[in-house]
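Peer 1: Questions regarding the structure given below will be posed in turn.
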Amino acid sequence: MPESSNFLLDFFRLTKQFWCSKQKLKIRGTVLLLALLTILQMAMAVLLTQWSADLFNALEQHSMRDLLIQVGLLLFLFVAGMLVTGAHLVVKRNLQIYWRDWMTDYVISRWMKDARHYLISHLPGKYDNPDGRIAEDCRIAADSAVGLGHTLFYSICLLVGFTQVLWSRSGVVTLDIGSVQIPIYGHLIWIAILYSAFATWFGWLVGRPLTSATDARQSAEANFRASLLEAQENSQAIALIHAEGCERHQFRVLFRILRVVRDEQTVAWRNILMFGTGYSTLSMAFPILISAPRYILGTITLGALVQSAQAFQHMASALSWPANNLGAIAEWRASVERIFGLLRVLDIADEEFAKSEHRIQVKSLGRPVLAFHDLCIVKQDGRVLAQNINMEIGKGEHVLITGNSFTGAKLFRAIAGIRPWGSGQIEIPSQGRLFFMPPRPHLPAGTLASAICYPSSRRVYTREQIEQALRVVNLENLIDKLDERERWGNILSPGEQQRLGMVRLLLNRPQWIFLQEAFDSLDYQDQERMLQLICEQIPDATLLTITHMPSSSTFYSRQLAL
């Protein structure tokens, strides 16, 4: 974990982008309104202490007239307090959702930029469970930042508002040391500062372990949640091989880890709560006790005693803001650190793509060809997978990729521009779309029609076009399910999913097609049928294929051996 100065500097850099975003006028207006309402809250607190003083003075003087006046003032303060508090809550929550909206969009935009979400899986760094960092940590970071910022500003306002009150109620206390008499002005203020400084220092010592414990628990929670999600997404495979016992064991292991780090967090929270309880108890009695001698001696009234005690409590609470917010600060910092962890590895990914040396160059030179010039594909550690690849593929050619299928998959990723490791140049065609078909197409949750059209809008294709494509690939049974909402990746068999990939291909009708074991879940006869369909439906398309189909060479005029 970086030093506090670096952490705060990084956070302010991130926050600056929020304040200067496209919504800056709305954001700044909301902040200004929140500040004004916070000042009103402080003013209400000052008025309540003055009302308490006047009330107790009226009771001490047995004045019914003054008591009725205080009852009327209480009704005013009652209504005004509710209105200010309600408006403050709405404005604060609006600011929190503005900030979370911006931060979530910012992190998602970085994560989903030009395959960065894929590239970071091959890079070192602390970026586990990006879904949790985006969904949960962005929420905590935004909500806690606004909450902590508000309470800090409110504490500053309390200091400004109650310093004068406490100074005026302190009077002058003379410290008699033998023959020397030292007048002390505003002694309650100095006592409040010393009292709060000691509480803050001791509270910091007690709460220091909570930050690391909170970070560890959030990571453990995310790992446990990710394991459950992975099991849900692969439920069919688990059921087929009866691996439920293994999955339960994995869940128990992850949950035991979660319990261990949770116990560590519990110990840290226990120490903070014990300190907080003792501090709160002492804060209730301490200001009255230190002012009681002056009341007993008759130098102040009962109202002044009560007002002094309340002003002392407010001022001590404001000065003790760090000690009172140790838990919230720890949770906020842990979440921000997890966001920074993801952003740092995304920065590394940006640097990887920005480097020109020892990187594969992918560019278009204005020709309708796909060409490899002295292409070398390496692993991240520099080990060579394939080298001296030189080939030019024209429109309409069918090329079979032979040799190592894993290296072939990396070649496809390099053509797509998402795998930069290596050297040489890939010239992509200037005309026509490049369409990649992985072993299993991604079918997002939602209606089946939307999943088939993905990533295009459902409105791009007519229902008749979708139904016709389903009939061509022998999926007529799915026509009645086009409007049903399901997690299709979990429901359909691998063969059905690959046929839906073919439906998507027929709808898009691309000119450059890259098949990576795209039909290997089908039997050989159906695989041949899919290749024949491509030749019939898109006869001018260029085809590059990685497949384990033994008789596939009859469909191809050339081969590229890796």
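Each chain in the structure tokens gets a letter, A, B, ..., in the order shown, and its residues are numbered from 1; ligands are numbered from 1 in order too.
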Fewer than 4 positions away in the same chain doesn't count, so skip those; otherwise give me all residues within 6 Å of segment 140-147 of chain A, counting only C-alpha atoms, as an mmCIF file with C-alpha atoms, in the first residue's frame.
Peer 2:
data_model
loop_
_atom_site.group_PDB
_atom_site.id
_atom_site.type_symbol
_atom_site.label_atom_id
_atom_site.label_comp_id
_atom_site.auth_asym_id
_atom_site.auth_seq_id
_atom_site.Cartn_x
_atom_site.Cartn_y
_atom_site.Cartn_z
ATOM 1 C CA GLN A 96 -23.138 10.505 -4.227
ATOM 2 C CA TRP A 99 -19.925 10.704 -8.317
ATOM 3 C CA ARG A 100 -20.579 6.971 -8.478
ATOM 4 C CA TRP A 332 -13.185 4.043 2.017
ATOM 5 C CA SER A 335 -12.096 0.461 -1.716
ATOM 6 C CA VAL A 336 -10.209 3.310 -3.372
#
Peer 1: For segment 150-258 of chain A versus segment 263-281 of chain A, which residues have an atom no more than 10 Å away, and what is each residue's nearest atom pair and distance in Å rounded to one decimal, using only C-alpha atoms, chain-then-number order, as CSV?
Peer 2:
residue,atom,partner,partner_atom,distance
A:Ser196,CA,A:Tyr279,CA,9.9
A:Ala199,CA,A:Tyr279,CA,7.6
A:Phe202,CA,A:Phe275,CA,8.7
A:Gly203,CA,A:Phe275,CA,7.0
A:Trp204,CA,A:Ile272,CA,9.2
A:Leu205,CA,A:Ile272,CA,9.6
A:Val206,CA,A:Ile272,CA,6.2
A:Gly207,CA,A:Ile272,CA,5.9
A:Arg208,CA,A:Ala268,CA,8.3
A:Pro209,CA,A:Ala268,CA,6.2
A:Leu210,CA,A:Ala268,CA,5.3
A:Thr211,CA,A:Gln265,CA,8.8
A:Ser212,CA,A:Gln265,CA,8.6
A:Ala213,CA,A:Gln265,CA,5.0
A:Thr214,CA,A:Gln265,CA,6.2
A:Asp215,CA,A:Gln265,CA,9.4
A:Ala216,CA,A:Gln265,CA,8.6
A:Arg217,CA,A:Gln265,CA,7.4
A:Ile257,CA,A:Asp263,CA,9.9
A:Leu258,CA,A:Asp263,CA,8.5
Peer 1: Generate a file of the selected residues that holds N, CA and C atoms, formatted as a short mmCIF file (atom, residue, chain, number, x, y, z; two decimals), in the first residue's frame.
Peer 2:
data_model
loop_
_atom_site.label_atom_id
_atom_site.label_comp_id
_atom_site.auth_asym_id
_atom_site.auth_seq_id
_atom_site.Cartn_x
_atom_site.Cartn_y
_atom_site.Cartn_z
N SER A 196 -9.23 16.33 22.65
CA SER A 196 -9.45 15.75 21.33
C SER A 196 -8.15 15.25 20.71
N ALA A 199 -7.44 11.92 22.22
CA ALA A 199 -8.38 10.91 21.71
C ALA A 199 -8.05 10.53 20.28
N PHE A 202 -4.76 8.36 20.24
CA PHE A 202 -5.00 7.02 20.76
C PHE A 202 -5.92 6.24 19.81
N GLY A 203 -6.92 6.92 19.26
CA GLY A 203 -7.82 6.26 18.32
C GLY A 203 -7.11 5.81 17.05
N TRP A 204 -6.13 6.62 16.60
CA TRP A 204 -5.35 6.23 15.41
C TRP A 204 -4.55 4.97 15.67
N LEU A 205 -3.96 4.87 16.86
CA LEU A 205 -3.22 3.66 17.20
C LEU A 205 -4.14 2.44 17.23
N VAL A 206 -5.33 2.63 17.78
CA VAL A 206 -6.27 1.51 17.89
C VAL A 206 -6.79 1.10 16.52
N GLY A 207 -7.07 2.07 15.65
CA GLY A 207 -7.72 1.77 14.38
C GLY A 207 -6.80 1.50 13.22
N ARG A 208 -5.49 1.61 13.41
CA ARG A 208 -4.56 1.43 12.29
C ARG A 208 -4.69 0.07 11.62
N PRO A 209 -4.88 -1.04 12.35
CA PRO A 209 -4.98 -2.35 11.67
C PRO A 209 -6.25 -2.54 10.84
N LEU A 210 -7.25 -1.64 11.00
CA LEU A 210 -8.53 -1.87 10.34
C LEU A 210 -8.43 -1.72 8.82
N THR A 211 -7.57 -0.83 8.31
CA THR A 211 -7.48 -0.62 6.86
C THR A 211 -7.06 -1.89 6.15
N SER A 212 -5.97 -2.50 6.59
CA SER A 212 -5.50 -3.73 5.94
C SER A 212 -6.49 -4.87 6.13
N ALA A 213 -7.13 -4.94 7.32
CA ALA A 213 -8.11 -5.99 7.57
C ALA A 213 -9.33 -5.82 6.67
N THR A 214 -9.76 -4.59 6.45
CA THR A 214 -10.90 -4.33 5.57
C THR A 214 -10.57 -4.67 4.13
N ASP A 215 -9.38 -4.31 3.68
CA ASP A 215 -8.95 -4.64 2.32
C ASP A 215 -8.92 -6.15 2.11
N ALA A 216 -8.37 -6.88 3.10
CA ALA A 216 -8.29 -8.34 3.00
C ALA A 216 -9.68 -8.95 2.95
N ARG A 217 -10.60 -8.42 3.75
CA ARG A 217 -11.95 -9.00 3.73
C ARG A 217 -12.66 -8.73 2.41
N ILE A 257 -11.20 -18.94 4.48
CA ILE A 257 -10.32 -17.78 4.34
C ILE A 257 -11.09 -16.50 4.67
N LEU A 258 -12.33 -16.43 4.18
CA LEU A 258 -13.16 -15.26 4.47
C LEU A 258 -13.38 -15.11 5.97
#
Peer 1: With only C-alpha atoms as the atoms that count, which of A:Ser308, A:Ser121, A:Gln70, A:Ser364 lies nearest to Ile415 of chain A?
Peer 2: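 Closest to Ile415 of chain A, using only C-alpha atoms: A:Ser364.
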Peer 1: Which residues in segment 393-512 of chain A does DSSP call strand (DSSP E or B)? List them as a list of chain:residue names.
Peer 2: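 Output for segment 393-512 of chain A, strand (DSSP E or B) only: A:Ile393, A:His398, A:Val399, A:Leu400, A:Ile401, A:Thr402, A:Trp421, A:Gly422, A:Ser423, A:Gly424, A:Gln425, A:Ile426, A:Glu427, A:Leu434, A:Phe435, A:Phe436, A:Met437, A:Gly446, A:Thr447, A:Arg485, A:Glu486, A:Trp512.
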Peer 1: Pull N, CA and C atoms from the residues just selected and write them as an mmCIF file, in the first residue's frame.
Peer 2:
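Final output, saved to part.cif:
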data_model
loop_
_atom_site.group_PDB
_atom_site.id
_atom_site.type_symbol
_atom_site.label_atom_id
_atom_site.label_comp_id
_atom_site.auth_asym_id
_atom_site.auth_seq_id
_atom_site.Cartn_x
_atom_site.Cartn_y
_atom_site.Cartn_z
ATOM 1 N N ILE A 393 -2.726 -13.091 -48.363
ATOM 2 C CA ILE A 393 -4.001 -13.775 -48.603
ATOM 3 C C ILE A 393 -4.947 -12.793 -49.268
ATOM 4 N N HIS A 398 -9.453 -19.455 -49.270
ATOM 5 C CA HIS A 398 -9.732 -20.257 -48.085
ATOM 6 C C HIS A 398 -8.421 -20.850 -47.606
ATOM 7 N N VAL A 399 -8.014 -20.494 -46.392
ATOM 8 C CA VAL A 399 -6.709 -20.885 -45.856
ATOM 9 C C VAL A 399 -6.918 -21.686 -44.583
ATOM 10 N N LEU A 400 -6.264 -22.828 -44.490
ATOM 11 C CA LEU A 400 -6.323 -23.680 -43.303
ATOM 12 C C LEU A 400 -5.074 -23.445 -42.465
ATOM 13 N N ILE A 401 -5.262 -23.110 -41.190
ATOM 14 C CA ILE A 401 -4.139 -22.933 -40.260
ATOM 15 C C ILE A 401 -3.831 -24.290 -39.647
ATOM 16 N N THR A 402 -2.632 -24.803 -39.894
ATOM 17 C CA THR A 402 -2.255 -26.117 -39.370
ATOM 18 C C THR A 402 -1.120 -25.968 -38.370
ATOM 19 N N TRP A 421 2.301 -8.877 -28.423
ATOM 20 C CA TRP A 421 3.633 -9.407 -28.153
ATOM 21 C C TRP A 421 4.210 -10.112 -29.376
ATOM 22 N N GLY A 422 5.367 -9.630 -29.823
ATOM 23 C CA GLY A 422 6.032 -10.198 -30.977
ATOM 24 C C GLY A 422 6.674 -9.103 -31.802
ATOM 25 N N SER A 423 6.873 -9.366 -33.096
ATOM 26 C CA SER A 423 7.472 -8.383 -33.990
ATOM 27 C C SER A 423 6.950 -8.632 -35.397
ATOM 28 N N GLY A 424 7.324 -7.745 -36.293
ATOM 29 C CA GLY A 424 6.836 -7.851 -37.655
ATOM 30 C C GLY A 424 5.567 -7.047 -37.850
ATOM 31 N N GLN A 425 4.929 -7.284 -38.986
ATOM 32 C CA GLN A 425 3.777 -6.472 -39.358
ATOM 33 C C GLN A 425 2.647 -7.349 -39.890
ATOM 34 N N ILE A 426 1.434 -6.978 -39.505
ATOM 35 C CA ILE A 426 0.230 -7.592 -40.058
ATOM 36 C C ILE A 426 -0.507 -6.505 -40.839
ATOM 37 N N GLU A 427 -0.684 -6.754 -42.120
ATOM 38 C CA GLU A 427 -1.412 -5.812 -42.969
ATOM 39 C C GLU A 427 -2.859 -6.308 -43.079
ATOM 40 N N LEU A 434 -13.864 -7.749 -40.693
ATOM 41 C CA LEU A 434 -13.203 -8.918 -40.117
ATOM 42 C C LEU A 434 -14.133 -9.501 -39.062
ATOM 43 N N PHE A 435 -14.415 -10.786 -39.163
ATOM 44 C CA PHE A 435 -15.374 -11.435 -38.262
ATOM 45 C C PHE A 435 -14.702 -12.657 -37.642
ATOM 46 N N PHE A 436 -14.565 -12.638 -36.312
ATOM 47 C CA PHE A 436 -13.891 -13.719 -35.589
ATOM 48 C C PHE A 436 -14.928 -14.587 -34.890
ATOM 49 N N MET A 437 -14.801 -15.897 -35.070
ATOM 50 C CA MET A 437 -15.705 -16.845 -34.410
ATOM 51 C C MET A 437 -14.892 -17.719 -33.467
ATOM 52 N N GLY A 446 -30.550 -12.125 -21.691
ATOM 53 C CA GLY A 446 -31.593 -11.293 -22.287
ATOM 54 C C GLY A 446 -32.422 -12.144 -23.224
ATOM 55 N N THR A 447 -33.102 -11.503 -24.158
ATOM 56 C CA THR A 447 -33.878 -12.282 -25.122
ATOM 57 C C THR A 447 -32.937 -13.008 -26.069
ATOM 58 N N ARG A 485 -36.444 -14.485 -22.177
ATOM 59 C CA ARG A 485 -35.247 -13.964 -21.510
ATOM 60 C C ARG A 485 -34.632 -15.056 -20.639
ATOM 61 N N GLU A 486 -33.394 -15.403 -20.946
ATOM 62 C CA GLU A 486 -32.678 -16.432 -20.198
ATOM 63 C C GLU A 486 -31.188 -16.139 -20.247
ATOM 64 N N TRP A 512 -14.353 -11.177 -44.397
ATOM 65 C CA TRP A 512 -13.146 -11.855 -43.887
ATOM 66 C C TRP A 512 -13.560 -12.613 -42.627
#
Peer 1: Write out as number ranges by chain the set of residues from segment 378-414 of chain A that DSSP, computed on the backbone, places in helix (DSSP H, G or I).
Peer 2: A: 405-414
Peer 1: With distances taken over only C-alpha atoms, which residue among A:Gln41, A:Cys138, A:Ser320, A:Asp101 lies nearest Ala197 of chain A?
Peer 2: A:Ser320
Peer 1: Give me the residues within 12 Å of Gln498 of chain A as a ChimeraX atom specification, counting only C-alpha atoms and dropping any in the same chain fewer than 5 places off.
Peer 2: /A:437-443,452,470,473-475,489,492-493,503-505,515-523,526-527,530
Peer 1: Can you list, as a list in words, every protein, DNA or RNA residue that comes within 9 Å of Thr151 of chain A when you count only C-alpha atoms, leaving out same-chain residues fewer than 6 positions away?
Peer 2: Thr38, Ala318 and Trp321 of chain A
Peer 1: So that each row is one residue of segment 105-169 of chain A with an atom at most 12 Å from segment 337-341 of chain A, can you give its shortest atom pair and the distance in Å to one decimal, using only C-alpha atoms, rows by chain and rising number, as JSON lines?
Peer 2:
{"residue": "A:Tyr106", "atom": "CA", "partner": "A:Ile339", "partner_atom": "CA", "distance": 11.0}
{"residue": "A:Val107", "atom": "CA", "partner": "A:Ile339", "partner_atom": "CA", "distance": 8.1}
{"residue": "A:Ile108", "atom": "CA", "partner": "A:Ile339", "partner_atom": "CA", "distance": 11.1}
{"residue": "A:Arg110", "atom": "CA", "partner": "A:Ile339", "partner_atom": "CA", "distance": 11.6}
{"residue": "A:Trp111", "atom": "CA", "partner": "A:Ile339", "partner_atom": "CA", "distance": 11.3}
{"residue": "A:Ile120", "atom": "CA", "partner": "A:Gly341", "partner_atom": "CA", "distance": 11.6}
{"residue": "A:Pro124", "atom": "CA", "partner": "A:Gly341", "partner_atom": "CA", "distance": 11.0}
{"residue": "A:Gly125", "atom": "CA", "partner": "A:Gly341", "partner_atom": "CA", "distance": 7.4}
{"residue": "A:Lys126", "atom": "CA", "partner": "A:Gly341", "partner_atom": "CA", "distance": 5.4}
{"residue": "A:Tyr127", "atom": "CA", "partner": "A:Gly341", "partner_atom": "CA", "distance": 5.7}
{"residue": "A:Asp128", "atom": "CA", "partner": "A:Gly341", "partner_atom": "CA", "distance": 9.0}
{"residue": "A:Asn129", "atom": "CA", "partner": "A:Arg338", "partner_atom": "CA", "distance": 9.8}
{"residue": "A:Pro130", "atom": "CA", "partner": "A:Ile339", "partner_atom": "CA", "distance": 8.5}
{"residue": "A:Asp131", "atom": "CA", "partner": "A:Ile339", "partner_atom": "CA", "distance": 10.6}
{"residue": "A:Gly132", "atom": "CA", "partner": "A:Arg338", "partner_atom": "CA", "distance": 9.3}
{"residue": "A:Arg133", "atom": "CA", "partner": "A:Ile339", "partner_atom": "CA", "distance": 5.8}
{"residue": "A:Ile134", "atom": "CA", "partner": "A:Ile339", "partner_atom": "CA", "distance": 7.4}
{"residue": "A:Ala135", "atom": "CA", "partner": "A:Ile339", "partner_atom": "CA", "distance": 10.4}
{"residue": "A:Glu136", "atom": "CA", "partner": "A:Ile339", "partner_atom": "CA", "distance": 9.9}
{"residue": "A:Asp137", "atom": "CA", "partner": "A:Ile339", "partner_atom": "CA", "distance": 6.7}
{"residue": "A:Cys138", "atom": "CA", "partner": "A:Ile339", "partner_atom": "CA", "distance": 7.2}
{"residue": "A:Arg139", "atom": "CA", "partner": "A:Ile339", "partner_atom": "CA", "distance": 10.7}
{"residue": "A:Ile140", "atom": "CA", "partner": "A:Ile339", "partner_atom": "CA", "distance": 10.5}
{"residue": "A:Ala141", "atom": "CA", "partner": "A:Ile339", "partner_atom": "CA", "distance": 8.6}
{"residue": "A:Ala142", "atom": "CA", "partner": "A:Ile339", "partner_atom": "CA", "distance": 11.3}
Peer 1: I'd like to know which of A:Ser109, A:Thr301, A:Ser227, A:Thr30 is closest to Phe56 of chain A, using only C-alpha atoms.
Peer 2: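 Using only C-alpha atoms, the shortest distance to Phe56 of chain A belongs to A:Thr301.
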Peer 1: Can you tell me how far atom CA of Ile377 of chain A sits from atom CA of Phe412 of chain A, in Å to one decimal?
Peer 2: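 Separation of atom CA of Ile377 of chain A and atom CA of Phe412 of chain A: 11.0 Å.
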Peer 1: Using only C-alpha atoms, which protein or nucleic acid residues come within 9 Å of segment 11-20 of chain A? Drop anything in the same chain fewer than 2 positions from it, and give the result as a list in words.
Peer 2: Asn6, Phe7, Leu8, Leu9, Lys22, Gln23, Lys24, Leu25, Ile27, Arg28, Trp99, Trp102, Met103, Val336 and Phe340 of chain A
Peer 1: Just the number, please: distance in Å from atom CA of His62 of chain A to atom CA of Val46 of chain A, one decimal.
Peer 2: 24.4 Å
Peer 1: Could you please determine the separation between atom CA of Tyr118 of chain A and atom CA of Gly408 of chain A in Å, to one decimal place?
Peer 2: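 Atom-to-atom, atom CA of Tyr118 of chain A to atom CA of Gly408 of chain A, that is 17.4 Å.
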Peer 1: Using only C-alpha atoms, can you tell me which of A:Ser430, A:Asn57, A:Ser52, A:Thr163 comes closest to Ile189 of chain A?
Peer 2: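 Smallest distance to Ile189 of chain A is found for A:Thr163.
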Peer 1: Need to verify the contact set: Glu464 of chain A, 12 Å, only C-alpha atoms, exclusion of same-chain residues closer than 6 positions in sequence. Can you return it as a list of chain:residue names?
Peer 2: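 Using only C-alpha atoms, the neighbours found are A:Ala449, A:Leu470, A:Arg471, A:Ile479, A:Leu482, A:Leu507.
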